[in-house]
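Data first, discussion second: the structure below is written as structure tokens.
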Amino acid sequence: MGQNKNVLVSGASFAGLTTAYWMNKMGYKVTVVEIGNHLKMGGTPVDIKDETVNIVKRMGVFEQIKAQRIGPEKWEFKNADDVSEKTVLIEKQPDNEFEIERDILLNMLFNLIKDDVNFIFNNSITSLNEKEDCIEVAFKDGSKNQFELVFGCDGIHSAVRRIWFGEESEYAHFLGQYFCVVITKRLLVEEGTYQMYAEPNKGLALYAYNNKTDIIFTFRPEKEIFYDYRDQEQMKQIVQEQIQNMSWRASELKDELLNSQSFYFDQFCQIKMPSWTKGRVALVGDAGYCASPAAGMGGSLAIIGATALADAFEKCDGNFELAFEEYNQDLRPFIEEVQSGAVEMLDKLLPATQEEIDLRNKNGLEF
């Protein structure tokens, strides 16, 4: 179907690697350009569930995922004195949901295509110029090339979206909260344990697995905070100010957050666009329809989106205009449902009042 047509994928995360996998399978000559000097490692574990399970079976990696699964065995809801007011034991992992470390899954997908796809690291797209039968791409290193199609799989702060569809502010919808995540390579709580602590509009969580611990800090300020997402020092300053004076293990966890090499900070926000395609360009994953981490489906959504696009190509026999139309139409109801569920979940995850905290500490997340 691809008849050796050249296509470019921007971004080597889940959306990019899955898009590259399917396009290569359909006979396209795929180039992946990634701004980092290797795959971007780090990040919290990924949930493979529902439709994603069927997709990873189609890709032939389901058994590997199953063999590497993790998952909490115990949830504890803590008060300021470090007393567990509610403990939920999980005796059996669900049969249709598989949690896996992000880096392990990323490497798994990379290994599927690394010998068949051209990877260019340490580079990025700086401009796009569509012609009648191709799209000319200029890169940061000064080089230019022509491609049949370009896929923007470059995340929530997508450069492809900014260059081709317009500024991020046109499409980003702030959900009122911020989060900071780091992963420390030692256990801060018992292996397999997920602990949650909250004060009004501020929350801390710890999740221990495979001898490492995710530390997650969330907060809801009175008004939106404006910052440069490339300025780590500025973001650390925001975290320091917000976590100050919190109880429980906050002073110890503040040091972990601020001194970690894996520091990540951003706002909870969703990307909403009237169309994920324009001309010869399509957006996939967070670049087009980020639902926010509150959906618990970041990696899954990227894999589902890339596969929906590939299935549209198959159905439309490689006619990209028809395939793009199909992709926009067929995937949209699912995306809207996931985004709406994420908004509801976000408020549940971070109580606004002491009354709500007491309720959660008594009932877990089931209130």
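Naming scheme: A, B, ... for chains in displayed order of the structure tokens; residues 1 onward per chain; ligands 1 onward as shown.
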
Got a sec to tell me which of stretch 51-179 of chain A DSSP assigns to helix (DSSP H, G or I), as a PyMOL selection string?
chain A and resi 51-59+62-67+102-113+159-164+168-170

Strand (DSSP E or B) positions in stretch 77-181 of chain A, given as a PyMOL selection string
chain A and resi 77-78+84-89+97-100+118-121+125-130+135-139+144-147+149-152+172-181

So which residues touch stretch 122-139 of chain A within 10 Å, counting only C-alpha atoms, skipping near sequence neighbours fewer than 6 positions away, as a list in words?
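Within the cut-off, the hits are Asn6, Val7, Leu8, Ser10, Gly11, Val32, Val33, Glu34, Ile35, Gly36, Asn37, His38, Asn145, Gln146, Phe147, Glu148, Leu149, Val150, Gly152, Asp154, Ala159, Val160, Ile163, Trp164, Gly279, Arg280 and Val281 of chain A.
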
Can you list, as an NGL selection string, every protein, DNA or RNA residue that comes within 7 Å of stretch 289-297 of chain A when you count only C-alpha atoms, leaving out same-chain residues fewer than 4 positions away?
:A and (47 or 156 or 268-272 or 285 or 301 or 338-339 or 341-342 or 345-346)

Selection export as a compact mmCIF listing (two decimals), in the first residue's frame, atoms kept: all heavy atoms:
```
# COMPACT_ATOMS: atom_id res chain seq x y z
N ASP A 47 -0.96 2.11 31.87
CA ASP A 47 -2.04 1.11 31.94
C ASP A 47 -2.40 0.63 30.55
O ASP A 47 -2.73 1.43 29.68
CB ASP A 47 -3.30 1.75 32.56
CG ASP A 47 -3.37 1.51 34.06
OD1 ASP A 47 -2.65 0.64 34.54
OD2 ASP A 47 -4.14 2.20 34.73
N ILE A 156 2.15 16.97 24.21
CA ILE A 156 1.24 18.06 24.55
C ILE A 156 1.75 19.43 24.09
O ILE A 156 0.98 20.31 23.71
CB ILE A 156 0.92 18.05 26.07
CG1 ILE A 156 -0.23 19.00 26.37
CG2 ILE A 156 2.14 18.34 26.91
CD1 ILE A 156 -0.85 18.80 27.73
N PHE A 268 -2.40 20.24 34.53
CA PHE A 268 -3.38 19.31 33.99
C PHE A 268 -4.15 20.08 32.91
O PHE A 268 -4.79 21.09 33.22
CB PHE A 268 -4.37 18.86 35.08
CG PHE A 268 -3.84 17.78 35.98
CD1 PHE A 268 -3.36 18.08 37.25
CD2 PHE A 268 -3.83 16.44 35.57
CE1 PHE A 268 -2.88 17.08 38.10
CE2 PHE A 268 -3.35 15.44 36.41
CZ PHE A 268 -2.88 15.76 37.67
N CYS A 269 -4.05 19.64 31.69
CA CYS A 269 -4.81 20.32 30.65
C CYS A 269 -5.18 19.34 29.56
O CYS A 269 -4.62 18.24 29.49
CB CYS A 269 -4.06 21.54 30.13
SG CYS A 269 -3.04 21.27 28.73
N GLN A 270 -6.14 19.71 28.75
CA GLN A 270 -6.57 18.88 27.63
C GLN A 270 -6.39 19.64 26.33
O GLN A 270 -6.52 20.87 26.31
CB GLN A 270 -8.05 18.47 27.80
CG GLN A 270 -8.25 17.55 28.99
CD GLN A 270 -9.68 17.05 29.14
OE1 GLN A 270 -10.62 17.65 28.63
NE2 GLN A 270 -9.85 15.95 29.87
N ILE A 271 -6.07 18.90 25.29
CA ILE A 271 -5.99 19.50 23.96
C ILE A 271 -7.28 19.15 23.22
O ILE A 271 -7.64 17.98 23.10
CB ILE A 271 -4.76 18.97 23.17
CG1 ILE A 271 -3.45 19.28 23.91
CG2 ILE A 271 -4.74 19.54 21.75
CD1 ILE A 271 -3.12 20.75 24.07
N LYS A 272 -7.98 20.20 22.77
CA LYS A 272 -9.24 20.00 22.03
C LYS A 272 -9.14 20.73 20.69
O LYS A 272 -8.91 21.94 20.67
CB LYS A 272 -10.42 20.51 22.84
CG LYS A 272 -10.63 19.74 24.14
CD LYS A 272 -11.89 20.18 24.85
CE LYS A 272 -12.11 19.35 26.11
NZ LYS A 272 -13.38 19.66 26.78
N GLY A 285 -2.10 11.21 19.30
CA GLY A 285 -1.80 11.18 20.73
C GLY A 285 -1.98 12.54 21.38
O GLY A 285 -2.82 13.34 20.97
N LEU A 301 -3.96 5.93 25.12
CA LEU A 301 -4.63 6.81 24.16
C LEU A 301 -3.77 7.02 22.92
O LEU A 301 -4.28 7.05 21.79
CB LEU A 301 -4.93 8.16 24.82
CG LEU A 301 -6.24 8.84 24.48
CD1 LEU A 301 -7.42 7.91 24.63
CD2 LEU A 301 -6.42 10.09 25.31
N VAL A 338 -13.37 9.94 26.92
CA VAL A 338 -12.20 9.83 27.81
C VAL A 338 -11.88 11.19 28.44
O VAL A 338 -11.61 11.28 29.64
CB VAL A 338 -10.97 9.29 27.03
CG1 VAL A 338 -9.70 9.39 27.88
CG2 VAL A 338 -11.19 7.84 26.62
N GLN A 339 -11.96 12.25 27.65
CA GLN A 339 -11.66 13.59 28.18
C GLN A 339 -12.67 14.00 29.24
O GLN A 339 -12.31 14.57 30.26
CB GLN A 339 -11.62 14.62 27.04
CG GLN A 339 -10.38 14.46 26.16
CD GLN A 339 -10.21 15.58 25.16
OE1 GLN A 339 -11.19 16.18 24.71
NE2 GLN A 339 -8.98 15.86 24.78
N GLY A 341 -14.42 11.96 31.17
CA GLY A 341 -14.17 11.13 32.36
C GLY A 341 -12.98 11.63 33.17
O GLY A 341 -12.97 11.56 34.40
N ALA A 342 -11.97 12.16 32.47
CA ALA A 342 -10.76 12.67 33.14
C ALA A 342 -11.08 13.88 34.01
O ALA A 342 -10.54 14.03 35.11
CB ALA A 342 -9.69 13.02 32.11
N MET A 345 -12.66 12.62 37.17
CA MET A 345 -11.69 11.93 38.01
C MET A 345 -10.76 12.91 38.72
O MET A 345 -10.37 12.72 39.87
CB MET A 345 -10.87 10.96 37.15
CG MET A 345 -9.78 10.20 37.91
SD MET A 345 -10.37 9.34 39.41
CE MET A 345 -11.17 7.93 38.71
N LEU A 346 -10.43 14.01 38.05
CA LEU A 346 -9.48 14.98 38.60
C LEU A 346 -9.98 15.55 39.93
O LEU A 346 -9.21 15.67 40.89
CB LEU A 346 -9.27 16.10 37.57
CG LEU A 346 -7.99 16.92 37.72
CD1 LEU A 346 -6.76 16.05 37.74
CD2 LEU A 346 -7.89 17.93 36.60
```

If you count only C-alpha atoms, which residues fall within 8 Å of A:Asn361, apart from same-chain ones fewer than 5 positions away, as a list in words?
Phe77, Lys78, Asn79, Glu85 and Lys86 of chain A

Hey, can you spit out that residue selection with N, CA, C and O atoms as a short mmCIF file (atom, residue, chain, number, x, y, z; two decimals), in the first residue's frame?
```cif
data_model
loop_
_atom_site.label_atom_id
_atom_site.label_comp_id
_atom_site.auth_asym_id
_atom_site.auth_seq_id
_atom_site.Cartn_x
_atom_site.Cartn_y
_atom_site.Cartn_z
N PHE A 77 -4.71 5.33 52.58
CA PHE A 77 -5.10 6.74 52.63
C PHE A 77 -4.66 7.30 53.97
O PHE A 77 -5.16 6.91 55.02
N LYS A 78 -3.68 8.20 53.93
CA LYS A 78 -2.97 8.65 55.14
C LYS A 78 -3.50 9.97 55.68
O LYS A 78 -3.94 10.84 54.93
N ASN A 79 -3.37 10.12 57.02
CA ASN A 79 -3.60 11.44 57.61
C ASN A 79 -2.25 12.07 57.95
O ASN A 79 -1.20 11.47 57.71
N GLU A 85 -5.92 5.74 57.46
CA GLU A 85 -7.33 5.77 57.88
C GLU A 85 -8.16 4.77 57.08
O GLU A 85 -9.23 4.35 57.51
N LYS A 86 -7.65 4.42 55.90
CA LYS A 86 -8.33 3.42 55.07
C LYS A 86 -7.26 2.64 54.31
O LYS A 86 -6.33 3.23 53.75
#
```

The residue from A:Lys74, A:Lys144, A:Arg58, A:Lys49 with the smallest atom-to-atom distance to A:Lys25, counting only C-alpha atoms, is A:Arg58

Restricting the calculation to only C-alpha atoms, which member of A:Leu89, A:Leu17, A:Ala80, A:Ala208 is positioned closest to A:Thr44?
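For A:Thr44, the nearest of the candidates is A:Ala208.
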
Sort by chain and increasing residue number a table of all residues of stretch 108-216 of chain A within 10 Å of stretch 220-242 of chain A, each with its closest pair of atoms and their distance in Å to one decimal, counting only C-alpha atoms, and write it as a tab-separated table.
```
residue	atom	partner	partner_atom	distance
A:His157	CA	A:Tyr229	CA	8.8
A:Phe174	CA	A:Glu224	CA	8.1
A:Leu175	CA	A:Arg220	CA	9.3
A:Gly176	CA	A:Arg220	CA	6.0
A:Gln177	CA	A:Arg220	CA	4.4
A:Tyr178	CA	A:Arg220	CA	6.5
A:Phe179	CA	A:Val239	CA	8.8
A:Cys180	CA	A:Val239	CA	7.5
A:Pro200	CA	A:Arg220	CA	8.8
A:Asn201	CA	A:Arg220	CA	5.1
A:Lys202	CA	A:Arg220	CA	6.5
A:Gly203	CA	A:Arg220	CA	9.2
```

So which residues touch A:Gly318 within 12 Å, counting only C-alpha atoms, skipping near sequence neighbours fewer than 5 positions away, as an mmCIF file with C-alpha atoms, in the first residue's frame?
```cif
data_model
loop_
_atom_site.group_PDB
_atom_site.id
_atom_site.type_symbol
_atom_site.label_atom_id
_atom_site.label_comp_id
_atom_site.auth_asym_id
_atom_site.auth_seq_id
_atom_site.Cartn_x
_atom_site.Cartn_y
_atom_site.Cartn_z
ATOM 1 C CA MET A 1 0.000 0.000 0.000
ATOM 2 C CA GLY A 2 2.730 2.459 0.938
ATOM 3 C CA GLN A 3 4.723 1.617 -2.218
ATOM 4 C CA LYS A 5 6.374 6.417 -0.064
ATOM 5 C CA MET A 23 2.998 2.737 8.596
ATOM 6 C CA MET A 26 1.770 -1.005 5.341
ATOM 7 C CA GLY A 27 4.884 -0.553 3.196
ATOM 8 C CA TYR A 28 5.727 3.105 3.812
ATOM 9 C CA GLU A 148 4.377 12.253 1.348
ATOM 10 C CA LEU A 149 2.911 12.793 4.850
ATOM 11 C CA LEU A 309 -5.217 6.161 12.019
ATOM 12 C CA ALA A 310 -3.544 3.054 10.569
ATOM 13 C CA ASP A 311 -6.884 1.218 10.374
ATOM 14 C CA ALA A 312 -8.331 4.208 8.495
ATOM 15 C CA PHE A 313 -5.455 3.933 5.973
ATOM 16 C CA ALA A 323 -8.182 8.137 5.793
ATOM 17 C CA PHE A 324 -7.729 11.446 7.617
ATOM 18 C CA GLU A 326 -12.255 8.646 8.704
#
```

Atom CA of A:Ile216 to atom CA of A:Glu190: how many Å, to one decimal?
16.2 Å

Rounded to one decimal place, report the atom CA of A:Leu39-atom CA of A:Asn111 distance in Å.
11.5 Å

Mind pulling up the distance from atom CA of A:Gln267 to atom CA of A:Ile215?
16.2 Å

Which residues are close to A:Arg161, i.e. within 7 Å by only C-alpha atoms, leaving aside same-chain residues fewer than 4 positions away? Reply as a ChimeraX atom specification.
/A:152,165-166,287

Which of these residues is nearest to A:Thr307, using only C-alpha atoms: A:Met246, A:Ile65, A:Ile55, A:Val46?
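Looking at the shortest contact to A:Thr307, the residue is A:Ile55.
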
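Each of A:Glu256, A:Glu191, A:Glu51, A:Glu356 was checked against A:Phe217 using only C-alpha atoms; the smallest atom-to-atom distance is that of A:Glu256.
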